[in-house]
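Chemist: Take this structure first; my questions come after.
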There are 2 protein chains.
Amino acid sequence: LARTAWLNGVFVAADEARISPFDRAFLFADAVYEVTAVYNGQPVDMERHLDRLERSLSEIGFTTFPARKEIAAAHHRLIAENGIGEGFIYLQVSRGAYGGRDFPAPDPARPTVFAFGEPKPLIDVPSARNGIKVIAFDDIRWARCDIKSTGLLGPVLAKTAAKTAGKEDAWFVDGDGLITEAASANAWIVTQQGELVTRALSNAILPGITRHAIFDTLAQHGLKIVERSFSLEEAKQSVEAFNTSAVALVTPVVEIDGATLAGGKPGPVTRSIQRLYYTAIGADVAKAAPWANE
Amino acid sequence: LARTAWLNGVFVAADEARISPFDRAFLFADAVYEVTAVYNGQPVDMERHLDRLERSLSEIGFTTFPARKEIAAAHHRLIAENGIGEGFIYLQVSRGAYGGRDFPAPDPARPTVFAFGEPKPLIDVPSARNGIKVIAFDDIRWARCDIKSTGLLGPVLAKTAAKTAGKEDAWFVDGDGLITEAASANAWIVTQQGELVTRALSNAILPGITRHAIFDTLAQHGLKIVERSFSLEEAKQSVEAFNTSAVALVTPVVEIDGATLAGGKPGPVTRSIQRLYYTAIGADVAKAAPWANE
């Protein structure tokens with residue numbers, strides 16, 4: 001079945017959607033995006049995704065934003081048209097096409113707004129059940145990783161290197177030997193002392209919506225998260241590790257840069273956070289992820 | 001007159017050229033580009049631009065390249081169809097569109113190759129005659145600025161900030177307070193001691209084709225260039241400064257971060273380099289840039 005996409009207010013067959021090559025996303029990566037998970041046919045945390053979209057746009061100089069209600073309605077229609085019970089919606093806003101190529105954009109902006117969606121299992125997947133292996137990769141990205149821009153060649157190179165190495169993902173290492181985040185997810189470890197650690201928010205990492213949700217969920221259960229930087233070496237000696245993102249949800253990491261963690265199997269802290277998060281988005285863990293109860 | 005562009009081997013009206021929004025340049029900035037000056041109806045230094053294009057593609061993992069002869073022929077036809085005596089050709093190669101969004105690209109690559117050209121005066125322009133003013137801007141770009149990728153949101157923000165400040169360009173300052181380069185050009189100064197200085201090549205700057213040509217030209221005349229890093233402070237105290245790029249050619253810089261250089265007028269070293277470079281690309285300086293002889 002042909003997928004339906006949404007382009008500048010019009011629903012079109014995804015394969016037939018067309019834009020100008022003068023679009024500033026194509027020429028300059030002058031664009032930001034969001035990926036929202038869909039579960040039980042509903043977008044997960046959509047308001048927070050829209051908040052972050054507006055923040056990203058604001059940080060790159062947009063003074064007006066696409067209408068939230070229209071974007072929300074488009075998400076729901078893309079979910080319906082594409083039959084998405086479980087999956088994701090991708091949304092991108094670029095500064096538009098002007099038929100030329102000047103670094104400063106003409107005023108006012110005429111944004112290109114593009115969205116598409118796909119059904120995709122998120123919870124009961126091998127990566128969530130068994131965990132993934134990650135390589136370490138120099139964090140070559142720009143200094144504003146808090147802006148969710150489409151300037152993603154660094155993550156593309158990192159994830160491609162991981163694939164070439166036979167691993168599933170990459171963790172970025174900054175100039176001080178500290179982990180910033182995964183190539184498209186936030187990175188977490190459980191230390192030998194039992195601390196649950198993830199890097200504090202700054203310009204160096206994305207303020208993850210799933211990260212935020214897990215902070216909320218764990219606070220409700222009185223569980224503590226330590227926000228601090230940690231080194232690749234500390235990560236390799238940790239007892240558990242995992243990634244969080246809108247589409248990866250909570251993905252155990254069982255090998256970091258060649259070091260196997262805790263026998264190469266997802267550990268109890270990661271499993272408990274999977275259970276809490278799956279429950280928070282409306283899943284019945286016993287049915288959707290029985291392995292998370294083991 | 002409608003411009004002609006070149007898209008995947010086909011010459012089309014630029015305004016009607018269309019690509020898929022799934023193109024990896026649009027979603028990931030997974031693309032590299034070149035801008036080649038045109039003078040006397042001929043591309044300037046095209047072989048070096050094609051060498052650099054292939055190097056950029058190789059650095060991001062391409063193992064096959066678009067045919068050089070075909071690209072060269074397209075440059076000539078775009079020059080003819082668009083009536084470009086003086087101007088530029090823009091060429092971009094992205095890793096193509098696959099109808100989905102996965103960080104590692106499918107193999108083999110099916111690149112999208114796009115080019116367009118515009119007539120535009122390059123030599124006898126106010127910026128070359130009178131010089132430009134530049135702001136200082138934190139170098140927030142990624143760590144591989146030697147790859148000419150379309151991940152240009154940093155330069156977009158820098159040039160937009162310059163425009164907002166009523167200036168013409170920005171010079172990037174790295175974490176050590178050193179100038180890397182201009183937002184889309186290499187940066188040069190003439191020190192109080194009379195040294196002609198530009199930063200040495202590294203991953204932090206683009207290996208400029210015009211920079212390279214000036215090295216060649218000055219060597220032929222026995223003139224010395226010192227390749228070393230210099231600070232913003234040293235730049236503000238320099239006696240002359242200029243930018244070089246394929247389209248800016250040699251553009252005097254007469255103000256840096258609020259500091260006026262040498263009375264705010266292009267100086268004699270800059271003028272001599274303008275004359276040498278204009279001559280090198282085939283211009284008759286007395287006719288094309290009489291002000292450069294003053």
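Every chain in the structure tokens has a letter given in the order shown (A, B, ...), and although residue numbers restart at 1 in each chain, ligands are simply numbered from 1 in the order shown.
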For chain A, list the residues within 9 Å of chain B, counting only C-alpha atoms, and write the list as a ChimeraX atom specification.
Modeler: /A:7,14-31,33,60-61,92,94,99,102-105,114,139-144,149-161,163
Chemist: Just write the chosen residues, C-alpha atoms, as a JSON list (two decimals), in the first residue's frame.
Modeler:
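The resulting file, again_25.json, is reproduced below:
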[["chain", "number", "residue", "atom", "x", "y", "z"],
["A", 7, "LEU", "CA", 3.57, 18.35, 2.26],
["A", 14, "ALA", "CA", 4.68, 9.68, -0.30],
["A", 15, "ASP", "CA", 6.37, 8.33, -3.42],
["A", 16, "GLU", "CA", 5.00, 11.20, -5.46],
["A", 17, "ALA", "CA", 5.79, 14.03, -3.03],
["A", 18, "ARG", "CA", 8.09, 16.56, -4.67],
["A", 19, "ILE", "CA", 9.96, 19.66, -3.52],
["A", 20, "SER", "CA", 12.27, 22.14, -5.20],
["A", 21, "PRO", "CA", 16.02, 21.43, -5.06],
["A", 22, "PHE", "CA", 16.32, 25.09, -4.06],
["A", 23, "ASP", "CA", 14.72, 24.20, -0.73],
["A", 24, "ARG", "CA", 16.97, 25.44, 2.06],
["A", 25, "ALA", "CA", 16.91, 22.02, 3.73],
["A", 26, "PHE", "CA", 18.42, 20.57, 0.55],
["A", 27, "LEU", "CA", 21.04, 23.32, 0.06],
["A", 28, "PHE", "CA", 21.88, 24.37, 3.65],
["A", 29, "ALA", "CA", 20.34, 21.90, 6.15],
["A", 30, "ASP", "CA", 18.37, 24.98, 7.19],
["A", 31, "ALA", "CA", 15.65, 22.87, 8.77],
["A", 33, "TYR", "CA", 12.62, 18.05, 12.66],
["A", 60, "ILE", "CA", 17.53, 29.22, 14.30],
["A", 61, "GLY", "CA", 15.70, 32.51, 13.98],
["A", 92, "GLN", "CA", 10.36, 18.47, 9.21],
["A", 94, "SER", "CA", 12.66, 23.94, 6.54],
["A", 99, "GLY", "CA", 14.73, 29.83, -6.32],
["A", 102, "ASP", "CA", 21.79, 33.07, -0.37],
["A", 103, "PHE", "CA", 22.94, 32.18, 3.13],
["A", 104, "PRO", "CA", 20.62, 34.66, 4.88],
["A", 105, "ALA", "CA", 17.03, 33.68, 4.06],
["A", 114, "PHE", "CA", 6.83, 17.85, 5.42],
["A", 139, "ASP", "CA", 31.78, 13.56, 18.40],
["A", 140, "ILE", "CA", 32.40, 15.56, 15.23],
["A", 141, "ARG", "CA", 29.01, 17.28, 15.31],
["A", 142, "TRP", "CA", 28.40, 20.99, 15.61],
["A", 143, "ALA", "CA", 28.24, 22.87, 18.91],
["A", 144, "ARG", "CA", 24.44, 23.19, 18.96],
["A", 149, "SER", "CA", 18.48, 20.24, 12.93],
["A", 150, "THR", "CA", 18.74, 18.13, 9.80],
["A", 151, "GLY", "CA", 22.51, 18.68, 9.70],
["A", 152, "LEU", "CA", 22.96, 14.98, 10.45],
["A", 153, "LEU", "CA", 25.97, 13.94, 8.40],
["A", 154, "GLY", "CA", 27.94, 13.29, 11.61],
["A", 155, "PRO", "CA", 25.35, 10.79, 12.91],
["A", 156, "VAL", "CA", 25.09, 9.28, 9.41],
["A", 157, "LEU", "CA", 28.85, 8.64, 9.38],
["A", 158, "ALA", "CA", 28.75, 7.31, 12.96],
["A", 159, "LYS", "CA", 25.85, 4.91, 12.33],
["A", 160, "THR", "CA", 27.39, 3.80, 9.03],
["A", 161, "ALA", "CA", 30.67, 3.06, 10.82],
["A", 163, "LYS", "CA", 26.98, -0.95, 10.71]]
Chemist: Taking 4 positions as the minimum chain separation for residues in the same chain, which residues sit within 7 Å of Ala37 (chain A) when counting only C-alpha atoms? Answer as a VMD selection string.
Modeler: chain A and resid 43 to 44 87 to 89 246 to 247
Chemist: Might you pull out every residue within 10 Å of region 70-72 of chain B, with only C-alpha atoms counted and same-chain residues fewer than 4 positions away left off, and present them as a PyMOL selection string?
Modeler: chain B and resi 6+9+43+46-47+50+66+76-78+91+113+115
Chemist: For the selection you just gave me, I'd like the residues written to a file as a PDB file, in the first residue's frame, keeping N, CA, C and O atoms.
Modeler:
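Final output, saved to result.pdb:
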ATOM      1  N   TRP B   6      20.297  21.497 -14.023  1.00  0.00           N
ATOM      2  CA  TRP B   6      20.672  20.150 -14.459  1.00  0.00           C
ATOM      3  C   TRP B   6      20.396  19.219 -13.289  1.00  0.00           C
ATOM      4  O   TRP B   6      20.934  19.413 -12.192  1.00  0.00           O
ATOM      5  N   GLY B   9      21.106  14.338 -14.782  1.00  0.00           N
ATOM      6  CA  GLY B   9      21.400  14.133 -16.192  1.00  0.00           C
ATOM      7  C   GLY B   9      20.477  14.825 -17.171  1.00  0.00           C
ATOM      8  O   GLY B   9      20.689  14.770 -18.374  1.00  0.00           O
ATOM      9  N   PRO B  43      34.556  28.061 -16.917  1.00  0.00           N
ATOM     10  CA  PRO B  43      34.681  27.727 -15.488  1.00  0.00           C
ATOM     11  C   PRO B  43      36.129  27.925 -15.043  1.00  0.00           C
ATOM     12  O   PRO B  43      37.054  27.612 -15.792  1.00  0.00           O
ATOM     13  N   MET B  46      38.177  24.373 -12.832  1.00  0.00           N
ATOM     14  CA  MET B  46      37.184  23.301 -12.684  1.00  0.00           C
ATOM     15  C   MET B  46      37.797  21.975 -12.266  1.00  0.00           C
ATOM     16  O   MET B  46      37.200  21.238 -11.474  1.00  0.00           O
ATOM     17  N   GLU B  47      38.982  21.658 -12.786  1.00  0.00           N
ATOM     18  CA  GLU B  47      39.567  20.360 -12.416  1.00  0.00           C
ATOM     19  C   GLU B  47      39.810  20.273 -10.908  1.00  0.00           C
ATOM     20  O   GLU B  47      39.578  19.232 -10.292  1.00  0.00           O
ATOM     21  N   LEU B  50      36.579  19.649  -9.205  1.00  0.00           N
ATOM     22  CA  LEU B  50      36.151  18.248  -9.333  1.00  0.00           C
ATOM     23  C   LEU B  50      37.013  17.333  -8.458  1.00  0.00           C
ATOM     24  O   LEU B  50      36.508  16.375  -7.874  1.00  0.00           O
ATOM     25  N   PRO B  66      30.287  10.511  -9.678  1.00  0.00           N
ATOM     26  CA  PRO B  66      29.686  10.900 -10.957  1.00  0.00           C
ATOM     27  C   PRO B  66      30.805  11.137 -11.985  1.00  0.00           C
ATOM     28  O   PRO B  66      31.902  11.560 -11.622  1.00  0.00           O
ATOM     29  N   HIS B  76      29.608  23.423 -18.917  1.00  0.00           N
ATOM     30  CA  HIS B  76      29.686  24.232 -20.137  1.00  0.00           C
ATOM     31  C   HIS B  76      28.305  24.505 -20.716  1.00  0.00           C
ATOM     32  O   HIS B  76      28.014  25.606 -21.151  1.00  0.00           O
ATOM     33  N   ARG B  77      27.440  23.497 -20.659  1.00  0.00           N
ATOM     34  CA  ARG B  77      26.114  23.738 -21.215  1.00  0.00           C
ATOM     35  C   ARG B  77      25.297  24.692 -20.336  1.00  0.00           C
ATOM     36  O   ARG B  77      24.561  25.538 -20.856  1.00  0.00           O
ATOM     37  N   LEU B  78      25.447  24.592 -19.012  1.00  0.00           N
ATOM     38  CA  LEU B  78      24.742  25.535 -18.137  1.00  0.00           C
ATOM     39  C   LEU B  78      25.246  26.961 -18.367  1.00  0.00           C
ATOM     40  O   LEU B  78      24.476  27.917 -18.315  1.00  0.00           O
ATOM     41  N   LEU B  91      27.065  23.071  -7.910  1.00  0.00           N
ATOM     42  CA  LEU B  91      26.918  21.625  -8.162  1.00  0.00           C
ATOM     43  C   LEU B  91      26.792  20.897  -6.829  1.00  0.00           C
ATOM     44  O   LEU B  91      27.597  21.126  -5.922  1.00  0.00           O
ATOM     45  N   VAL B 113      22.231  14.280  -8.458  1.00  0.00           N
ATOM     46  CA  VAL B 113      23.214  15.268  -8.908  1.00  0.00           C
ATOM     47  C   VAL B 113      22.453  16.470  -9.455  1.00  0.00           C
ATOM     48  O   VAL B 113      21.651  16.336 -10.384  1.00  0.00           O
ATOM     49  N   ALA B 115      22.685  20.734 -10.475  1.00  0.00           N
ATOM     50  CA  ALA B 115      23.533  21.905 -10.742  1.00  0.00           C
ATOM     51  C   ALA B 115      22.692  23.022 -11.331  1.00  0.00           C
ATOM     52  O   ALA B 115      21.700  22.769 -12.028  1.00  0.00           O
TER      53      ALA B 115
END
Chemist: Taking the DSSP secondary structure from the backbone, can you list the residues of region 198-251 of chain B that are strand (DSSP E), as a list of chain:residue names?
Modeler: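 Answer for region 198-251 of chain B restricted to strand (DSSP E) is B:Thr198, B:Val226, B:Glu227, B:Glu240, B:Ala241, B:Phe242, B:Asn243, B:Thr244, B:Ser245, B:Leu249, B:Val250, B:Thr251.
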Chemist: Just need chain A moved onto chain B: least-squares over all Cα atoms matched in order, then output as a compact mmCIF listing (two decimals) with C-alpha atoms, in the first residue's frame.
Modeler:
# COMPACT_ATOMS: atom_id res chain seq x y z
CA LEU A 1 14.41 34.47 -18.82
CA ALA A 2 13.88 31.18 -17.01
CA ARG A 3 17.13 29.64 -15.85
CA THR A 4 18.13 26.14 -16.85
CA ALA A 5 19.26 23.66 -14.20
CA TRP A 6 20.68 20.14 -14.47
CA LEU A 7 19.11 17.39 -12.42
CA ASN A 8 20.18 13.75 -12.65
CA GLY A 9 21.41 14.12 -16.19
CA VAL A 10 18.46 16.12 -17.50
CA PHE A 11 18.41 19.85 -18.31
CA VAL A 12 15.23 21.38 -16.90
CA ALA A 13 13.80 24.81 -16.15
CA ALA A 14 15.25 25.64 -12.73
CA ASP A 15 11.88 26.74 -11.38
CA GLU A 16 10.35 23.42 -12.37
CA ALA A 17 13.13 21.13 -11.07
CA ARG A 18 11.74 18.74 -8.47
CA ILE A 19 13.21 16.17 -6.11
CA SER A 20 11.78 13.82 -3.51
CA PRO A 21 11.61 15.08 0.09
CA PHE A 22 13.11 11.69 0.98
CA ASP A 23 16.36 12.84 -0.61
CA ARG A 24 19.16 12.38 1.89
CA ALA A 25 20.32 15.97 1.37
CA PHE A 26 16.88 17.13 2.53
CA LEU A 27 16.65 14.75 5.52
CA PHE A 28 20.30 14.39 6.63
CA ALA A 29 22.50 16.95 4.82
CA ASP A 30 24.08 13.82 3.38
CA ALA A 31 25.49 15.72 0.43
CA VAL A 32 28.50 17.72 -0.72
CA TYR A 33 28.82 20.58 -3.16
CA GLU A 34 31.07 22.87 -5.16
CA VAL A 35 30.68 26.41 -6.44
CA THR A 36 32.79 27.20 -9.48
CA ALA A 37 33.32 30.73 -10.72
CA VAL A 38 32.75 31.50 -14.39
CA TYR A 39 34.81 34.17 -16.10
CA ASN A 40 34.95 34.96 -19.80
CA GLY A 41 32.37 32.21 -20.19
CA GLN A 42 34.76 29.58 -18.80
CA PRO A 43 34.69 27.72 -15.50
CA VAL A 44 37.63 28.73 -13.30
CA ASP A 45 39.81 25.92 -11.92
CA MET A 46 37.19 23.30 -12.70
CA GLU A 47 39.57 20.36 -12.41
CA ARG A 48 40.49 21.36 -8.87
CA HIS A 49 36.83 21.74 -8.00
CA LEU A 50 36.16 18.25 -9.34
CA ASP A 51 39.16 16.89 -7.40
CA ARG A 52 37.81 18.42 -4.23
CA LEU A 53 34.28 17.14 -4.94
CA GLU A 54 35.66 13.61 -5.25
CA ARG A 55 37.66 14.02 -2.06
CA SER A 56 34.54 15.23 -0.20
CA LEU A 57 32.53 12.30 -1.54
CA SER A 58 35.29 9.89 -0.60
CA GLU A 59 35.49 11.28 2.95
CA ILE A 60 31.77 10.63 3.46
CA GLY A 61 32.04 7.10 2.14
CA PHE A 62 31.26 7.25 -1.56
CA THR A 63 33.19 4.62 -3.48
CA THR A 64 32.01 5.64 -6.94
CA PHE A 65 31.76 9.15 -8.31
CA PRO A 66 29.68 10.91 -10.96
CA ALA A 67 31.53 10.95 -14.28
CA ARG A 68 33.87 13.94 -14.48
CA LYS A 69 33.42 14.36 -18.21
CA GLU A 70 29.67 14.48 -17.86
CA ILE A 71 29.90 17.04 -15.05
CA ALA A 72 32.33 19.16 -17.01
CA ALA A 73 30.07 19.05 -20.07
CA ALA A 74 27.08 20.04 -17.92
CA HIS A 75 29.03 23.05 -16.61
CA HIS A 76 29.69 24.23 -20.14
CA ARG A 77 26.10 23.72 -21.22
CA LEU A 78 24.75 25.53 -18.13
CA ILE A 79 27.11 28.41 -18.91
CA ALA A 80 25.78 28.55 -22.48
CA GLU A 81 22.08 28.06 -21.69
CA ASN A 82 22.13 30.66 -18.93
CA GLY A 83 24.28 33.15 -20.82
CA ILE A 84 26.95 33.29 -18.14
CA GLY A 85 29.94 35.42 -19.11
CA GLU A 86 30.73 36.11 -15.45
CA GLY A 87 28.98 34.23 -12.66
CA PHE A 88 29.02 30.81 -11.08
CA ILE A 89 27.90 27.20 -11.35
CA TYR A 90 26.63 25.43 -8.22
CA LEU A 91 26.92 21.63 -8.16
CA GLN A 92 25.60 19.32 -5.45
CA VAL A 93 25.80 15.55 -5.07
CA SER A 94 23.62 13.91 -2.44
CA ARG A 95 23.41 10.24 -1.53
CA GLY A 96 19.96 10.11 -3.10
CA ALA A 97 16.37 9.27 -2.21
CA TYR A 98 15.23 5.84 -1.10
CA GLY A 99 11.65 6.49 0.05
CA GLY A 100 12.56 6.04 3.70
CA ARG A 101 14.78 7.45 6.43
CA ASP A 102 17.59 5.26 7.73
CA PHE A 103 20.85 6.82 8.85
CA PRO A 104 23.08 4.32 7.00
CA ALA A 105 22.33 4.64 3.27
CA PRO A 106 21.28 1.62 1.24
CA ASP A 107 23.97 0.19 -0.98
CA PRO A 108 24.71 0.96 -3.79
CA ALA A 109 24.25 4.72 -3.71
CA ARG A 110 21.94 6.26 -6.29
CA PRO A 111 23.13 9.86 -6.02
CA THR A 112 21.08 12.91 -6.81
CA VAL A 113 23.21 15.28 -8.90
CA PHE A 114 21.96 18.84 -9.17
CA ALA A 115 23.53 21.90 -10.74
CA PHE A 116 22.45 25.39 -11.63
CA GLY A 117 24.18 28.55 -12.74
CA GLU A 118 23.69 32.27 -12.62
CA PRO A 119 25.25 35.29 -14.30
CA LYS A 120 26.66 37.58 -11.60
CA PRO A 121 29.40 40.19 -11.61
CA LEU A 122 32.34 38.89 -9.59
CA ILE A 123 35.15 41.40 -10.11
CA ASP A 124 33.67 44.87 -10.46
CA VAL A 125 31.44 44.78 -7.39
CA PRO A 126 31.21 47.17 -4.41
CA SER A 127 32.56 44.55 -2.00
CA ALA A 128 35.73 44.09 -4.08
CA ARG A 129 36.17 47.82 -4.64
CA ASN A 130 35.42 49.10 -1.14
CA GLY A 131 35.80 46.08 1.10
CA ILE A 132 33.40 44.56 3.58
CA LYS A 133 32.87 44.59 7.33
CA VAL A 134 32.77 41.34 9.27
CA ILE A 135 31.51 40.32 12.67
CA ALA A 136 33.17 37.69 14.85
CA PHE A 137 31.03 34.59 15.39
CA ASP A 138 31.70 31.51 17.52
CA ASP A 139 32.73 28.63 15.28
CA ILE A 140 29.85 26.29 16.08
CA ARG A 141 30.38 24.13 13.00
CA TRP A 142 31.24 20.46 12.98
CA ALA A 143 34.78 19.10 13.22
CA ARG A 144 35.10 18.24 9.52
CA CYS A 145 34.96 21.61 7.79
CA ASP A 146 37.47 20.23 5.28
CA ILE A 147 34.51 18.32 3.79
CA LYS A 148 32.38 20.68 1.71
CA SER A 149 29.06 19.34 2.97
CA THR A 150 25.64 20.96 2.80
CA GLY A 151 25.41 20.96 6.60
CA LEU A 152 25.59 24.75 6.51
CA LEU A 153 23.24 25.90 9.25
CA GLY A 154 26.20 27.32 11.21
CA PRO A 155 27.27 29.57 8.31
CA VAL A 156 23.61 30.48 7.70
CA LEU A 157 23.27 31.65 11.32
CA ALA A 158 26.61 33.48 11.14
CA LYS A 159 25.81 35.31 7.89
CA THR A 160 22.31 36.11 9.12
CA ALA A 161 23.77 37.59 12.32
CA ALA A 162 26.17 39.66 10.19
CA LYS A 163 23.30 40.96 8.06
CA THR A 164 21.26 41.80 11.16
CA ALA A 165 24.27 43.74 12.49
CA GLY A 166 24.50 45.66 9.23
CA LYS A 167 27.76 43.92 8.21
CA GLU A 168 28.54 41.79 5.18
CA ASP A 169 30.13 38.63 6.55
CA ALA A 170 31.33 36.75 9.63
CA TRP A 171 34.69 35.35 10.67
CA PHE A 172 34.52 32.23 12.80
CA VAL A 173 36.41 32.15 16.10
CA ASP A 174 37.30 28.75 17.56
CA GLY A 175 37.40 27.75 21.24
CA ASP A 176 40.97 29.01 21.52
CA GLY A 177 40.09 32.49 20.28
CA LEU A 178 41.66 31.78 16.89
CA ILE A 179 40.09 32.60 13.54
CA THR A 180 39.28 29.50 11.53
CA GLU A 181 37.87 31.07 8.37
CA ALA A 182 35.05 33.26 7.09
CA ALA A 183 31.50 31.90 6.93
CA SER A 184 32.02 30.77 3.33
CA ALA A 185 35.55 31.85 2.47
CA ASN A 186 39.12 31.56 3.70
CA ALA A 187 40.37 34.41 5.91
CA TRP A 188 43.68 36.24 5.50
CA ILE A 189 45.46 39.07 7.32
CA VAL A 190 48.51 41.25 6.77
CA THR A 191 50.16 41.75 10.14
CA GLN A 192 51.78 44.88 11.50
CA GLN A 193 55.11 43.16 10.73
CA GLY A 194 54.04 42.82 7.09
CA GLU A 195 53.46 39.08 7.12
CA LEU A 196 50.72 37.73 4.87
CA VAL A 197 49.03 35.11 7.04
CA THR A 198 46.31 32.52 6.55
CA ARG A 199 45.49 29.50 8.68
CA ALA A 200 47.13 26.19 7.72
CA LEU A 201 44.91 23.48 6.24
CA SER A 202 43.34 21.05 8.70
CA ASN A 203 39.92 19.54 9.44
CA ALA A 204 38.91 22.98 10.77
CA ILE A 205 38.80 24.81 7.43
CA LEU A 206 37.94 24.26 3.82
CA PRO A 207 40.90 23.76 1.49
CA GLY A 208 39.90 26.68 -0.72
CA ILE A 209 40.49 26.44 -4.45
CA THR A 210 41.02 30.21 -4.63
CA ARG A 211 43.34 29.98 -1.61
CA HIS A 212 45.29 27.32 -3.51
CA ALA A 213 45.41 29.42 -6.67
CA ILE A 214 46.74 32.39 -4.72
CA PHE A 215 49.48 30.24 -3.21
CA ASP A 216 50.48 29.24 -6.74
CA THR A 217 50.32 32.78 -8.09
CA LEU A 218 52.27 34.34 -5.24
CA ALA A 219 54.92 31.63 -5.43
CA GLN A 220 55.43 32.50 -9.10
CA HIS A 221 56.12 36.07 -8.01
CA GLY A 222 58.38 35.09 -5.13
CA LEU A 223 55.92 36.39 -2.54
CA LYS A 224 55.72 34.66 0.81
CA ILE A 225 52.63 33.40 2.66
CA VAL A 226 52.86 32.39 6.32
CA GLU A 227 50.51 29.51 7.14
CA ARG A 228 49.62 29.73 10.80
CA SER A 229 46.67 30.32 13.09
CA PHE A 230 45.98 33.86 14.25
CA SER A 231 43.70 35.19 16.95
CA LEU A 232 40.73 37.50 16.64
CA GLU A 233 42.78 40.04 18.59
CA GLU A 234 45.67 39.83 16.13
CA ALA A 235 43.21 40.15 13.26
CA LYS A 236 41.71 43.29 14.77
CA GLN A 237 45.19 44.79 15.01
CA SER A 238 46.23 43.75 11.50
CA VAL A 239 46.85 46.35 8.81
CA GLU A 240 44.92 44.57 6.06
CA ALA A 241 42.61 41.60 5.75
CA PHE A 242 40.67 39.83 3.03
CA ASN A 243 38.52 36.83 2.17
CA THR A 244 39.07 34.41 -0.68
CA SER A 245 36.51 32.09 -2.23
CA ALA A 246 35.38 30.94 -5.65
CA VAL A 247 32.68 33.62 -5.85
CA ALA A 248 34.11 36.31 -3.53
CA LEU A 249 37.47 35.97 -5.35
CA VAL A 250 39.61 38.37 -3.27
CA THR A 251 37.39 40.55 -1.09
CA PRO A 252 39.02 43.18 1.13
CA VAL A 253 37.93 43.19 4.77
CA VAL A 254 38.10 46.67 6.27
CA GLU A 255 36.44 46.12 9.63
CA ILE A 256 36.65 43.11 11.97
CA ASP A 257 34.43 42.86 15.04
CA GLY A 258 34.16 46.64 15.24
CA ALA A 259 37.85 47.37 14.66
CA THR A 260 38.55 49.45 11.57
CA LEU A 261 41.67 48.37 9.64
CA ALA A 262 43.96 50.89 7.97
CA GLY A 263 41.51 53.74 7.71
CA GLY A 264 38.70 51.52 6.46
CA LYS A 265 40.05 51.21 2.94
CA PRO A 266 41.51 48.23 1.06
CA GLY A 267 45.29 48.22 1.44
CA PRO A 268 48.15 47.79 -1.03
CA VAL A 269 48.83 44.09 -0.35
CA THR A 270 45.15 43.21 -0.87
CA ARG A 271 45.08 45.29 -4.06
CA SER A 272 48.16 43.55 -5.43
CA ILE A 273 46.65 40.13 -4.72
CA GLN A 274 43.41 41.19 -6.39
CA ARG A 275 45.38 42.27 -9.47
CA LEU A 276 47.39 39.04 -9.56
CA TYR A 277 44.32 36.85 -9.13
CA TYR A 278 42.15 38.73 -11.63
CA THR A 279 44.97 38.45 -14.13
CA ALA A 280 45.38 34.75 -13.38
CA ILE A 281 41.73 34.05 -14.28
CA GLY A 282 42.06 35.97 -17.53
CA ALA A 283 40.87 39.46 -16.67
CA ASP A 284 42.35 42.67 -18.07
CA VAL A 285 42.69 44.54 -14.78
CA ALA A 286 42.83 47.98 -16.40
CA LYS A 287 39.38 47.38 -17.89
CA ALA A 288 37.73 45.01 -15.44
CA ALA A 289 38.96 46.54 -12.20
CA PRO A 290 40.66 49.92 -12.77
CA TRP A 291 40.18 50.70 -9.05
CA ALA A 292 42.54 47.82 -8.23
CA ASN A 293 45.35 49.78 -9.85
CA GLU A 294 44.87 52.85 -7.69
Chemist: Identify, with DSSP run on backbone atoms, the residues in region 54-279 of chain B assigned to helix (DSSP H, G or I), and express the list as a ChimeraX atom specification.
Modeler: /B:54-59,68-81,126-130,153-164,209-220,232-236,262-264,268-279
